[in-house]
Every structure is written in structure tokens, then in C-alpha cells.
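Structure data follow from model_38.txt (compact mmCIF, C-alpha atoms and all ligand atoms):
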```txt
# COMPACT_ATOMS: atom_id res chain seq x y z
CA MET A 1 -14.88 16.67 13.02
CA ARG A 2 -15.14 18.91 9.97
CA ILE A 3 -12.57 19.28 7.19
CA LEU A 4 -12.46 21.99 4.54
CA GLY A 5 -10.86 20.60 1.35
CA ILE A 6 -9.22 22.89 -1.22
CA GLU A 7 -8.13 21.93 -4.75
CA THR A 8 -6.29 24.25 -7.17
CA SER A 9 -3.70 22.06 -8.91
CA CYS A 10 -4.65 22.92 -12.49
CA ASP A 11 -7.63 24.76 -14.03
CA GLU A 12 -10.35 23.86 -11.52
CA THR A 13 -10.90 25.79 -8.28
CA GLY A 14 -12.66 23.53 -5.81
CA ALA A 15 -13.62 23.62 -2.14
CA ALA A 16 -15.76 21.27 -0.05
CA VAL A 17 -16.60 20.50 3.57
CA ILE A 18 -17.04 17.04 5.08
CA GLU A 19 -18.33 16.27 8.53
CA ALA A 20 -17.69 13.11 10.58
CA LYS A 21 -19.37 12.15 13.82
CA THR A 22 -17.06 11.12 16.68
CA ASN A 23 -17.38 7.41 15.86
CA GLY A 24 -16.06 8.14 12.35
CA LYS A 25 -19.31 6.81 10.86
CA ASN A 26 -21.77 8.66 8.69
CA VAL A 27 -19.28 11.05 7.13
CA LYS A 28 -21.28 13.59 5.17
CA LEU A 29 -20.34 15.86 2.33
CA LEU A 30 -21.83 19.14 3.60
CA SER A 31 -20.98 21.21 0.54
CA ASN A 32 -18.99 21.20 -2.67
CA THR A 33 -18.20 24.24 -4.81
CA LEU A 34 -16.38 24.15 -8.10
CA THR A 35 -15.44 26.58 -10.80
CA SER A 36 -13.24 26.07 -13.82
CA SER A 37 -11.31 28.17 -16.30
CA LEU A 38 -11.78 25.43 -18.92
CA THR A 39 -13.68 27.60 -21.42
CA LEU A 40 -10.74 30.03 -21.54
CA HIS A 41 -8.37 27.16 -22.33
CA SER A 42 -10.62 25.65 -25.00
CA LYS A 43 -10.12 28.91 -26.94
CA THR A 44 -6.34 28.47 -26.88
CA GLY A 45 -6.38 24.70 -27.50
CA GLY A 46 -4.70 23.83 -24.18
CA ILE A 47 -3.92 25.13 -20.73
CA ILE A 48 -1.69 28.19 -20.46
CA PRO A 49 -0.31 27.89 -16.90
CA GLU A 50 -0.12 31.65 -16.33
CA VAL A 51 -3.79 32.07 -17.33
CA ALA A 52 -4.84 29.13 -15.13
CA ALA A 53 -3.00 30.62 -12.12
CA ARG A 54 -4.56 34.05 -12.63
CA GLU A 55 -8.03 32.51 -12.75
CA GLN A 56 -7.26 30.59 -9.52
CA VAL A 57 -6.44 33.90 -7.82
CA LYS A 58 -9.76 35.32 -9.01
CA TYR A 59 -11.89 32.41 -7.78
CA ILE A 60 -10.25 30.92 -4.70
CA ILE A 61 -11.78 33.18 -2.02
CA PRO A 62 -15.32 33.29 -3.52
CA VAL A 63 -15.27 29.48 -3.92
CA ILE A 64 -14.23 28.94 -0.28
CA GLU A 65 -16.77 31.49 0.97
CA GLN A 66 -19.48 29.81 -1.08
CA THR A 67 -18.71 26.33 0.22
CA LEU A 68 -18.63 27.58 3.85
CA ASN A 69 -21.97 29.34 3.30
CA ASP A 70 -23.51 26.23 1.71
CA SER A 71 -22.34 24.06 4.61
CA SER A 72 -23.98 26.52 7.04
CA LEU A 73 -20.64 27.01 8.81
CA TYR A 74 -20.38 30.65 7.88
CA PRO A 75 -23.03 33.35 8.13
CA GLN A 76 -24.40 34.03 4.64
CA SER A 77 -23.11 37.58 4.37
CA SER A 78 -19.67 36.95 5.93
CA LYS A 79 -16.58 37.53 3.84
CA ILE A 80 -13.12 36.17 4.42
CA ASP A 81 -11.22 39.31 5.29
CA PRO A 82 -7.97 38.85 7.22
CA LEU A 83 -7.77 42.62 7.78
CA SER A 84 -11.23 42.97 9.30
CA SER A 85 -11.40 43.80 13.01
CA THR A 86 -13.78 40.86 13.64
CA ILE A 87 -12.53 37.69 12.03
CA TYR A 88 -15.22 35.05 11.83
CA ARG A 89 -13.78 31.57 12.29
CA PRO A 90 -15.83 28.78 10.72
CA ASP A 91 -16.52 25.72 12.86
CA ILE A 92 -14.05 23.42 11.12
CA ASP A 93 -11.19 21.38 12.57
CA ALA A 94 -8.66 21.34 9.74
CA ILE A 95 -7.92 22.64 6.26
CA ALA A 96 -6.92 20.04 3.66
CA VAL A 97 -5.19 21.30 0.55
CA THR A 98 -3.64 19.82 -2.59
CA PHE A 99 0.10 20.56 -2.43
CA GLY A 100 1.14 18.66 -5.58
CA PRO A 101 1.55 17.45 -8.25
CA GLY A 102 0.29 20.12 -10.61
CA LEU A 103 1.06 23.51 -12.12
CA ILE A 104 3.20 25.53 -9.73
CA GLY A 105 1.26 28.80 -10.18
CA SER A 106 -2.10 27.11 -9.61
CA LEU A 107 -0.85 25.03 -6.67
CA LEU A 108 0.63 28.09 -4.96
CA VAL A 109 -2.76 29.83 -4.95
CA GLY A 110 -4.41 26.97 -3.01
CA VAL A 111 -1.45 26.32 -0.72
CA GLU A 112 -0.83 29.96 0.21
CA THR A 113 -4.56 30.59 0.73
CA ALA A 114 -4.80 27.50 2.97
CA LYS A 115 -1.76 28.65 4.95
CA THR A 116 -3.19 32.14 5.42
CA LEU A 117 -6.56 30.77 6.54
CA ALA A 118 -4.84 28.29 8.88
CA TYR A 119 -2.97 31.21 10.43
CA ILE A 120 -5.92 33.58 10.84
CA TRP A 121 -8.36 30.83 11.92
CA ASN A 122 -5.76 28.98 14.00
CA LYS A 123 -6.41 25.59 12.32
CA PRO A 124 -4.01 22.80 11.31
CA ILE A 125 -3.32 21.89 7.69
CA ILE A 126 -3.62 18.44 6.10
CA PRO A 127 -1.46 18.36 2.95
CA VAL A 128 -3.00 16.09 0.27
CA ASN A 129 -1.35 14.47 -2.74
CA HIS A 130 -3.62 15.27 -5.70
CA LEU A 131 -3.26 11.70 -7.05
CA LEU A 132 -4.43 10.26 -3.75
CA GLY A 133 -7.34 12.70 -3.93
CA HIS A 134 -8.42 11.19 -7.25
CA ILE A 135 -8.39 7.68 -5.71
CA TYR A 136 -10.44 8.83 -2.71
CA ALA A 137 -13.18 10.20 -4.96
CA ASN A 138 -14.21 6.52 -5.02
CA PHE A 139 -15.17 6.72 -1.34
CA ILE A 140 -17.80 9.41 -1.96
CA VAL A 141 -21.12 7.74 -2.64
CA GLU A 142 -24.72 8.79 -2.94
CA ASN A 143 -26.71 8.68 0.30
CA SER A 144 -29.37 5.97 0.19
CA GLU A 145 -30.97 7.14 3.47
CA PRO A 146 -33.43 10.02 3.33
CA ASP A 147 -31.20 12.89 4.41
CA ALA A 148 -30.61 16.48 3.41
CA ARG A 149 -27.04 15.62 2.42
CA ARG A 150 -26.85 13.70 -0.82
CA TYR A 151 -23.32 12.31 -0.49
CA LEU A 152 -21.51 10.26 2.15
CA LEU A 153 -17.98 8.90 2.54
CA ASP A 154 -19.08 5.32 2.78
CA ALA A 155 -18.04 3.11 -0.14
CA ASP A 156 -17.84 -0.58 0.61
CA ILE A 157 -14.19 -0.85 -0.50
CA ASP A 158 -12.13 -3.78 0.79
CA PHE A 159 -8.32 -4.00 0.75
CA PRO A 160 -6.09 -4.92 -0.94
CA ALA A 161 -7.35 -2.60 -3.63
CA LEU A 162 -5.87 -1.67 -6.98
CA ALA A 163 -6.25 1.90 -8.21
CA LEU A 164 -5.87 3.05 -11.79
CA ILE A 165 -5.38 6.81 -12.00
CA VAL A 166 -5.98 8.15 -15.49
CA SER A 167 -5.88 11.92 -15.73
CA GLY A 168 -4.48 14.65 -17.95
CA GLY A 169 -1.06 14.43 -16.33
CA HIS A 170 -0.90 10.86 -14.98
CA THR A 171 -1.47 7.21 -15.74
CA ASP A 172 -0.58 5.14 -12.69
CA LEU A 173 -1.39 1.76 -11.24
CA VAL A 174 -1.09 1.60 -7.45
CA LEU A 175 -1.72 -1.13 -4.93
CA MET A 176 -3.41 -0.14 -1.66
CA ASN A 177 -3.02 -2.49 1.27
CA GLY A 178 -4.95 -0.05 3.47
CA HIS A 179 -5.35 3.68 3.97
CA GLY A 180 -1.91 5.24 3.64
CA LYS A 181 -0.36 1.92 2.57
CA ILE A 182 0.35 2.62 -1.05
CA ARG A 183 2.68 0.82 -3.43
CA TRP A 184 3.24 2.18 -6.91
CA LEU A 185 3.23 -0.62 -9.51
CA GLY A 186 3.76 1.27 -12.74
CA GLY A 187 2.96 4.34 -14.78
CA THR A 188 3.32 6.00 -18.13
CA ARG A 189 6.78 6.42 -19.59
CA ASP A 190 5.72 9.37 -21.74
CA ASP A 191 2.23 10.80 -22.33
CA ALA A 192 -0.60 10.21 -19.88
CA ALA A 193 -3.86 8.70 -21.19
CA GLY A 194 -5.69 12.05 -20.87
CA GLU A 195 -2.80 13.82 -22.57
CA ALA A 196 -3.06 11.34 -25.48
CA PHE A 197 -6.79 12.11 -25.80
CA ASP A 198 -6.03 15.86 -25.70
CA LYS A 199 -3.18 15.76 -28.24
CA ILE A 200 -5.01 13.47 -30.67
CA ALA A 201 -8.15 15.64 -30.42
CA ARG A 202 -5.98 18.57 -31.45
CA LEU A 203 -4.75 16.65 -34.51
CA LEU A 204 -8.42 16.16 -35.41
CA SER A 205 -9.13 19.90 -34.87
CA LEU A 206 -11.41 19.08 -31.92
CA PRO A 207 -11.43 21.55 -29.00
CA TYR A 208 -9.72 21.19 -25.61
CA PRO A 209 -10.18 19.16 -23.45
CA GLY A 210 -9.94 16.36 -25.98
CA GLY A 211 -11.21 13.41 -23.92
CA PRO A 212 -14.89 14.35 -23.86
CA GLU A 213 -14.68 15.53 -27.51
CA ILE A 214 -13.19 12.23 -28.70
CA GLU A 215 -15.81 10.36 -26.69
CA LYS A 216 -18.57 12.40 -28.36
CA ALA A 217 -17.14 11.96 -31.88
CA ALA A 218 -16.57 8.23 -31.26
CA THR A 219 -20.29 7.54 -30.73
CA ASN A 220 -20.79 7.74 -34.52
CA GLY A 221 -17.59 5.90 -35.42
CA ASN A 222 -16.38 2.35 -35.95
CA PRO A 223 -13.74 1.31 -33.37
CA LYS A 224 -12.35 -1.21 -35.85
CA ALA A 225 -11.97 1.24 -38.75
CA PHE A 226 -8.29 1.89 -37.95
CA ASN A 227 -5.93 -0.58 -36.33
CA PHE A 228 -3.92 1.74 -34.10
CA PRO A 229 -1.14 0.27 -31.91
CA ARG A 230 -1.77 -0.87 -28.32
CA PRO A 231 1.61 0.16 -26.87
CA MET A 232 3.09 -2.09 -24.13
CA ILE A 233 -0.12 -4.10 -23.85
CA GLY A 234 1.82 -7.34 -23.47
CA SER A 235 4.85 -6.11 -21.52
CA ASP A 236 5.78 -7.84 -18.26
CA ASP A 237 5.60 -4.66 -16.19
CA PHE A 238 2.74 -2.34 -15.32
CA ASP A 239 4.05 0.60 -17.32
CA PHE A 240 2.26 2.43 -20.11
CA SER A 241 3.25 4.46 -23.17
CA PHE A 242 0.87 6.53 -25.28
CA SER A 243 3.09 8.83 -27.33
CA GLY A 244 3.49 6.25 -30.14
CA LEU A 245 -0.27 6.14 -30.55
CA LYS A 246 -0.33 9.89 -31.20
CA THR A 247 2.45 9.52 -33.82
CA SER A 248 0.56 6.70 -35.49
CA VAL A 249 -2.61 8.81 -35.69
CA LEU A 250 -0.61 11.71 -37.12
CA ARG A 251 0.87 9.41 -39.80
CA GLU A 252 -2.61 8.14 -40.69
CA ILE A 253 -4.05 11.67 -40.90
CA LYS A 254 -1.28 12.72 -43.31
CA THR A 255 -2.46 10.07 -45.79
CA ILE A 256 -6.03 11.38 -45.74
CA GLU A 257 -6.78 14.15 -48.21
CA GLN A 258 -9.64 15.74 -46.31
CA LEU A 259 -10.85 14.86 -42.85
CA ASN A 260 -14.63 14.60 -42.99
CA ASN A 261 -16.92 13.94 -40.02
CA GLU A 262 -17.14 10.24 -40.79
CA THR A 263 -13.34 9.78 -40.80
CA ILE A 264 -12.99 11.88 -37.63
CA ALA A 265 -15.60 9.68 -35.94
CA ASN A 266 -13.82 6.50 -37.06
CA ILE A 267 -10.39 7.75 -35.89
CA ALA A 268 -11.89 8.88 -32.57
CA ALA A 269 -13.59 5.52 -31.99
CA SER A 270 -10.45 3.57 -32.95
CA VAL A 271 -8.16 5.69 -30.74
CA GLN A 272 -10.54 5.43 -27.80
CA GLN A 273 -10.65 1.66 -28.27
CA ALA A 274 -6.85 1.37 -28.38
CA ILE A 275 -6.41 3.39 -25.16
CA ILE A 276 -9.17 1.46 -23.39
CA ASP A 277 -7.75 -1.93 -24.47
CA VAL A 278 -4.36 -1.12 -22.92
CA LEU A 279 -5.82 0.31 -19.68
CA VAL A 280 -8.19 -2.63 -19.16
CA VAL A 281 -5.72 -5.42 -19.97
CA LYS A 282 -2.96 -4.05 -17.74
CA THR A 283 -5.27 -3.24 -14.84
CA LEU A 284 -6.91 -6.66 -14.85
CA LYS A 285 -3.49 -8.32 -15.06
CA ALA A 286 -2.32 -6.42 -11.96
CA ALA A 287 -5.60 -7.17 -10.18
CA GLU A 288 -5.12 -10.86 -10.80
CA GLN A 289 -1.44 -10.89 -9.84
CA TYR A 290 -2.01 -9.08 -6.52
CA LYS A 291 -5.32 -10.83 -5.80
CA VAL A 292 -7.09 -7.60 -5.00
CA LYS A 293 -10.59 -7.37 -3.57
CA SER A 294 -11.42 -3.99 -5.14
CA ILE A 295 -10.49 -2.13 -8.30
CA LEU A 296 -10.80 1.67 -8.21
CA LEU A 297 -10.91 3.69 -11.40
CA SER A 298 -10.11 7.40 -11.01
CA GLY A 299 -9.06 10.64 -12.71
CA GLY A 300 -10.64 12.66 -15.52
CA VAL A 301 -10.41 9.86 -18.12
CA ALA A 302 -12.49 7.66 -15.77
CA ALA A 303 -15.46 9.83 -16.81
CA ASN A 304 -15.35 8.07 -20.21
CA GLN A 305 -18.51 5.94 -20.43
CA THR A 306 -17.07 3.40 -22.88
CA LEU A 307 -14.12 2.84 -20.51
CA ARG A 308 -16.46 2.45 -17.52
CA ASP A 309 -18.71 -0.01 -19.39
CA ARG A 310 -15.78 -2.09 -20.61
CA PHE A 311 -14.16 -2.23 -17.16
CA GLU A 312 -17.40 -3.27 -15.53
CA LEU A 313 -18.01 -5.96 -18.12
CA ASP A 314 -14.48 -7.39 -18.05
CA ALA A 315 -14.18 -7.19 -14.27
CA ARG A 316 -17.41 -9.19 -13.99
CA ARG A 317 -16.28 -11.64 -16.65
CA TYR A 318 -12.71 -12.29 -15.47
CA LEU A 319 -12.43 -11.16 -11.86
CA LEU A 320 -15.20 -12.82 -9.94
CA ASN A 321 -13.61 -12.06 -6.58
CA ALA A 322 -12.95 -8.35 -7.04
CA LYS A 323 -15.51 -5.55 -6.83
CA PHE A 324 -15.21 -2.74 -9.29
CA PHE A 325 -15.68 0.96 -8.37
CA PHE A 326 -15.72 4.24 -10.21
CA PRO A 327 -16.71 7.68 -8.90
CA GLU A 328 -19.72 9.55 -10.26
CA LYS A 329 -18.60 11.47 -13.34
CA TRP A 330 -18.52 14.89 -11.62
CA LEU A 331 -16.10 13.42 -9.07
CA CYS A 332 -13.67 12.04 -11.71
CA THR A 333 -12.31 15.43 -12.75
CA ASP A 334 -10.65 17.73 -10.18
CA ASN A 335 -12.76 18.84 -7.20
CA GLY A 336 -12.47 19.81 -3.52
CA ALA A 337 -14.59 16.90 -2.22
CA MET A 338 -12.00 14.28 -3.20
CA ILE A 339 -9.31 16.27 -1.33
CA ALA A 340 -11.45 16.39 1.83
CA SER A 341 -12.12 12.65 1.44
CA ALA A 342 -8.41 11.77 1.09
CA ALA A 343 -7.63 13.96 4.12
CA PHE A 344 -10.28 12.23 6.23
CA PHE A 345 -8.90 8.73 5.56
CA ASN A 346 -5.23 9.82 5.77
CA TYR A 347 -5.46 12.37 8.57
CA LYS A 348 -2.00 13.85 9.11
CA GLU A 349 -1.87 17.39 10.45
CA VAL A 350 1.05 19.74 9.91
CA PRO A 351 1.46 23.33 11.12
CA TRP A 352 1.00 25.86 8.32
CA THR A 353 4.66 26.87 8.57
CA LYS A 354 5.70 23.40 7.39
CA LEU A 355 3.78 23.37 4.10
CA SER A 356 5.00 24.27 0.63
CA ALA A 357 3.71 23.43 -2.85
CA ASN A 358 5.50 20.63 -4.68
CA PRO A 359 4.65 20.46 -8.40
CA GLU A 360 6.75 17.30 -8.86
CA LEU A 361 5.13 15.37 -5.99
CA TYR A 362 4.55 11.70 -6.80
CA PHE A 363 3.97 8.53 -4.83
CA ASP A 364 6.92 7.51 -2.64
CA LEU A 365 8.66 4.95 -4.81
O1 LIG B 1 -8.23 14.54 -13.52
P1 LIG B 1 -8.35 15.69 -14.43
O2 LIG B 1 -9.57 16.59 -14.29
O3 LIG B 1 -7.13 16.64 -14.33
C1 LIG B 1 -5.83 16.20 -14.09
O4 LIG B 1 -5.52 15.95 -12.89
O5 LIG B 1 -5.11 16.06 -15.09
O6 LIG B 1 -8.28 15.08 -15.90
C2 LIG B 1 -8.36 15.84 -17.06
C3 LIG B 1 -8.17 14.90 -18.24
C4 LIG B 1 -8.07 15.62 -19.58
O7 LIG B 1 -6.95 15.10 -20.27
C5 LIG B 1 -9.37 15.25 -20.28
O8 LIG B 1 -9.27 15.19 -21.69
C6 LIG B 1 -9.66 13.88 -19.70
O9 LIG B 1 -9.28 13.99 -18.34
N1 LIG B 1 -11.09 13.53 -19.77
C7 LIG B 1 -11.57 12.51 -20.52
C8 LIG B 1 -12.99 12.57 -20.38
N2 LIG B 1 -13.29 13.61 -19.55
C9 LIG B 1 -12.11 14.19 -19.18
N3 LIG B 1 -10.95 11.60 -21.27
C10 LIG B 1 -11.72 10.70 -21.93
N4 LIG B 1 -13.07 10.69 -21.87
C11 LIG B 1 -13.75 11.61 -21.12
N5 LIG B 1 -15.08 11.60 -21.07
ZN ZN B 2 -6.56 15.73 -11.42
```
Once more with this new file: its structure as C-alpha cells, please.
Ligand code: KG4
Ligand code: ZN
Amino acid sequence: MRILGIETSCDETGAAVIEAKTNGKNVKLLSNTLTSSLTLHSKTGGIIPEVAAREQVKYIIPVIEQTLNDSSLYPQSSKIDPLSSTIYRPDIDAIAVTFGPGLIGSLLVGVETAKTLAYIWNKPIIPVNHLLGHIYANFIVENSEPDARRYLLDADIDFPALALIVSGGHTDLVLMNGHGKIRWLGGTRDDAAGEAFDKIARLLSLPYPGGPEIEKAATNGNPKAFNFPRPMIGSDDFDFSFSGLKTSVLREIKTIEQLNNETIANIAASVQQAIIDVLVVKTLKAAEQYKVKSILLSGGVAANQTLRDRFELDARRYLLNAKFFFPEKWLCTDNGAMIASAAFFNYKEVPWTKLSANPELYFDL
């Protein structure tokens, strides 16, 4: 079985193909193609949805063609042309596509392209929740066997598992009792963790996206220089709140006459530490309460090395019975491979006529 995965929920255009043998073992990532309009957005200090959607329109077909070429499922010179007299149908079984949550304009590009391809190629669609996609990036691991394909869907993840999704738009803790058996435990009440990084970076005049910039600046800073709040760190629930942290940083900046590199580094390190403290404490508390066997970190913020190191250390120190997982950094931010992976483990076909984009999609609560 082969699945083409398509991701266009925000500013990345991604497509990938996975292949599974009939026994469901040895699932290989045949190809992965990604392009991003990030550099355009760094000029404007944030994503302009209309610009992101226009870039998606520009890249979606070339990205899909490229990934089909790379997976050797499409002759090198073939183009996707629904009006051509000879339509070449790639040897795939289904098209998986992100249908939400995300920016409506961006989502529509992926969803409508997937529907058109499903129609002209006569293939079913597998709609994928973008948040689930982030979690399933954890199942894509490097191939230890000598093989032309570097990545497999083969992580040694046992259930129950706890997933922390930390992205630009979401901060959620979910319990997984198996594939498709998801229970939402809590989430942010205001800003997401990535959003907090992005907004605070802006206050420090650092470019978009703020997460990697704060991480870079923090390497020269002292995480104890400023005592920023750790919102909701001790609350009884598994909810988060990061907007107060941004206000606190703004208040601090107003008292500083001129922001020099040293102060920026100290603020960056202290903010990063505050966000990490909250994420780690709440996740480990949930892991303990639900006696999970695996903890899965996912989403763009999971690319933060200090967060990964701290999670690994604390999970080893306090959670002897749970294994800790995080995707390779290139798989933390949006990509097509994670969508194909989520579709493989949660295979639910729908006819193309039944699919529409849903920007507000969430977990079923
Ligand atoms: O998952 P993602 O690519 O897109 C969404 O689904 O939102 O996440 C993007 C977010 C941005 O807010 C970005 O600042 C943050 O992930 N991010 C990071 C790092 N890399 C990306 N945050 C902290 N440290 C990083 N290294
Ligand atoms: Zn995402």
C-alpha cells in the first residue's frame, strides 16, 4: 500500500509518499518534499494569511510532482495536467491530506488539490487532523538497516502514551490509549507556546519565527537573569496560559533604557526557561497520573534543543517506566511525511465528495 501525504495548513507546502508491505511491516518513507514561504513572512514580522495562501497555490503542484518523481512512482518528465489527453496515474492507493486546523486559505489549497487528484486518479482520500499529524511524526525513525530509504515508520512506542503538542497555534496534552483512541487532557487558554516565543521575539526586535531566534539568542544568556512568571504551573488541571508571560516581558522591557545584546540574551534565556519549566512540569505530572508508557513531544517548539534536553533528563530522572520520544528536528515543524504517517496508522477513507477544509478542527472533546 502506498499513501501520498499532503500538508498545506500554514506556510509550509509539503508532500510525501510512504509504502507499506502487505503485512504492515517495514513501512518506508519513499520521498518527502517541502517548501516554505517563511522568508517572505520574516520580512513582515509574522504570517499574512493571504500571502501564505498565494504561495501555497504557487508550490502545491510542483511539490507533489517532485515527491512522486523522487519516489519513482511518476515518470521524471510527467506533469500533473488534468486537461491532458493521457492522464498518468501514479501507483498509490490513497491521498492523505490535512483538512484542519489551520489557515483557511492555505488549507483550501491542499484540500481542493487532493480532491481534484482523487477525482482524476480515482483514489480515495484520507482526511488528517494536522495535530494528529504532529504526534505521528514521532513514528518516523531513521532506518538502521542498510537500505536506500533512510526513514521508516517503526518507532517502538507503547500505549498508553502521552503526547504534548507545542506548535505556533497549539499547546495540547493528549492521552493515547491506542491508534485513534485519543483523549484530550488540556490545552492553552490563550497563547500557544510557539505564539509566545513569536510574540516575545517581536518585542525584542528579533525576526519571525521567534522560537529559533530566541533559542539562538538564549545560548549567550543567563536563564536566571529575569524571574518571569510560570503561569498555571501548579494548577490542578492540564491547561496552560502564556499570554501573561508576554505581558510580563513587555513590562520588563519598558523599564530598560536601551536593549543591548546582553540584555536580549538574558531575556531570551529567561523566557525560554519559563516556558520549558511549565511544559515539563505539567507533562510529567500527566504522565505520572495516567501511568503512561511513552511520552511523545511534537510540534515546531519541540525542535528546541534546550526543551528536548530538559525533557530527556527529567523523564529519565522521574519517570523510570516511561520512554521518551521526540521526532528529528526537520519532522517537528510542518511536513507531508507526518500526514502520511498519521494516515497510515489511522486509515479511514472517504470519497472526495465528502471532504471539506475545517480551520477550527480540534480533537473531539
Ligand atoms: O508546528 P509548526 O511548524 O507550525 C504550526 O503548526 O503552528 O510550529 C511553528 C512554531 C512557531 O511558533 C515557531 O516559533 C516555533 O514553532 N519553533 C520553535 C523552534 N522552532 C520552531 N520554538 C522554539 N524553539 C525552536 N527551536
Ligand atoms: Zn503544525
Within 10 Å of ligand ZN 2 (chain B) (only C-alpha atoms and all ligand atoms), residues as a list in words: Glu7, Thr8, Ser9, Cys10, Asp11, Glu12, Pro101, Gly102, His130, Leu131, Leu132, Gly133, His134, Ile165, Val166, Ser167, Gly168, Gly169, His170, Ser298, Gly299, Gly300, Val301, Cys332, Thr333, Asp334, Asn335 and Met338 of chain A
Separation of CA of Lys354 (chain A) from CA of Pro124 (chain A) in Å: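 Taking CA of Pro124 (chain A) and CA of Lys354 (chain A), their separation equals 10.5 Å.
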Which residue of A:Ile135, A:Ala340, A:Ile264, A:Leu296 approaches ligand LIG 1 (chain B) most closely, using all atoms listed in the file: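 Counting all atoms listed in the file, the residue closest to ligand LIG 1 (chain B) is A:Ile135.
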Coordinates-based distance that separates CA of Gly336 (chain A) from CA of Leu355 (chain A) (Å, one decimal): 18.3 Å
Spatial neighbours of Arg149 (chain A), max dist 10 Å, all atoms listed in the file, sep filter under 5 positions, as an NGL selection string: :A and (28-31 or 71 or 142-143)
Of the listed residues A:Thr113, A:Thr44, A:Thr171, A:Ser84, that which approaches ligand LIG 1 (chain B) most closely, counting only C-alpha atoms and all ligand atoms: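 Comparing A:Thr113, A:Thr44, A:Thr171, A:Ser84 against ligand LIG 1 (chain B), the winner is A:Thr171.
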Separation of CA of Asn138 (chain A) from CA of Pro49 (chain A) in Å: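 Interatomic distance, CA of Pro49 (chain A) to CA of Asn138 (chain A): 28.1 Å.
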Nearby residues (only C-alpha atoms) at most 10 Å from Glu252 (chain A), same-chain spacing under 4 positions excluded, as JSON, numbers by chain: {"A": [226, 228, 246, 247, 248, 256, 267]}
A:Ala193, A:Leu152, A:Met232, A:Ala343 ranked by distance to ligand LIG 1 (chain B), top pick (using all atoms listed in the file): A:Ala193
Protein, DNA and RNA residues within 10 Å of (7.1, 7.6, -22.1), all atoms listed in the file, as a ChimeraX atom specification: /A:187-192,239-244
Residue neighbourhood region 54-70 of chain A, 8 Å, all atoms listed in the file, exclusion window fewer than 6 positions, as a PyMOL selection string: chain A and resi 6+8+11-17+30-35+37+76+78-80+90+106+109-110+113
All residues 7 Å or closer to region 279-281 of chain A, all atoms listed in the file, same chain fewer than 4 positions away omitted, as a PyMOL selection string: chain A and resi 233+275+285+311
Convert the current residue selection to file output with C-alpha atoms, as a PDB file, keeping the file's coordinate frame.
```
ATOM      1  CA  ILE A 233      -0.120  -4.100 -23.850  1.00  0.00           C
ATOM      2  CA  ILE A 275      -6.410   3.390 -25.160  1.00  0.00           C
ATOM      3  CA  LYS A 285      -3.490  -8.320 -15.060  1.00  0.00           C
ATOM      4  CA  PHE A 311     -14.160  -2.230 -17.160  1.00  0.00           C
TER       5      PHE A 311
END
```
Each side padded by 6 Å, which centre and which edge lengths in Å (one decimal) define the axis-aligned box around the listed atoms of region 184-196 of chain A? Give them as lines of an AutoDock Vina configuration file.
```
center_x = 0.5
center_y = 6.6
center_z = -16.2
size_x = 24.5
size_y = 26.4
size_z = 30.6
```
Residue nearest ligand LIG 1 (chain B) - candidates A:Asn266, A:Thr306, A:Asn261, A:Ser294, atoms counted: only C-alpha atoms and all ligand atoms: A:Thr306
Ile87 (chain A) surroundings by all atoms listed in the file, 9 Å radius, close-in-sequence under 6 positions cut, as a PyMOL selection string: chain A and resi 80-81+120-121
Could those residues be written to a file, using C-alpha atoms, as a short mmCIF file (atom, residue, chain, number, x, y, z; two decimals), in the frame of the given file?
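The resulting file, again-v3.cif, is reproduced below:
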```cif
data_model
loop_
_atom_site.label_atom_id
_atom_site.label_comp_id
_atom_site.auth_asym_id
_atom_site.auth_seq_id
_atom_site.Cartn_x
_atom_site.Cartn_y
_atom_site.Cartn_z
CA ILE A 80 -13.12 36.17 4.42
CA ASP A 81 -11.22 39.31 5.29
CA ILE A 120 -5.92 33.58 10.84
CA TRP A 121 -8.36 30.83 11.92
#
```
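Nearest to Lys216 (chain A) of all the residues A:Gln258, A:Thr283, A:Ser356, A:Asn304 is A:Asn304, based on only C-alpha atoms.
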Residue nearest ligand LIG 1 (chain B) among A:Leu38, A:Ala155, A:Leu162, A:Leu185 (counting only C-alpha atoms and all ligand atoms):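 Counting only C-alpha atoms and all ligand atoms, the residue closest to ligand LIG 1 (chain B) is A:Leu38.
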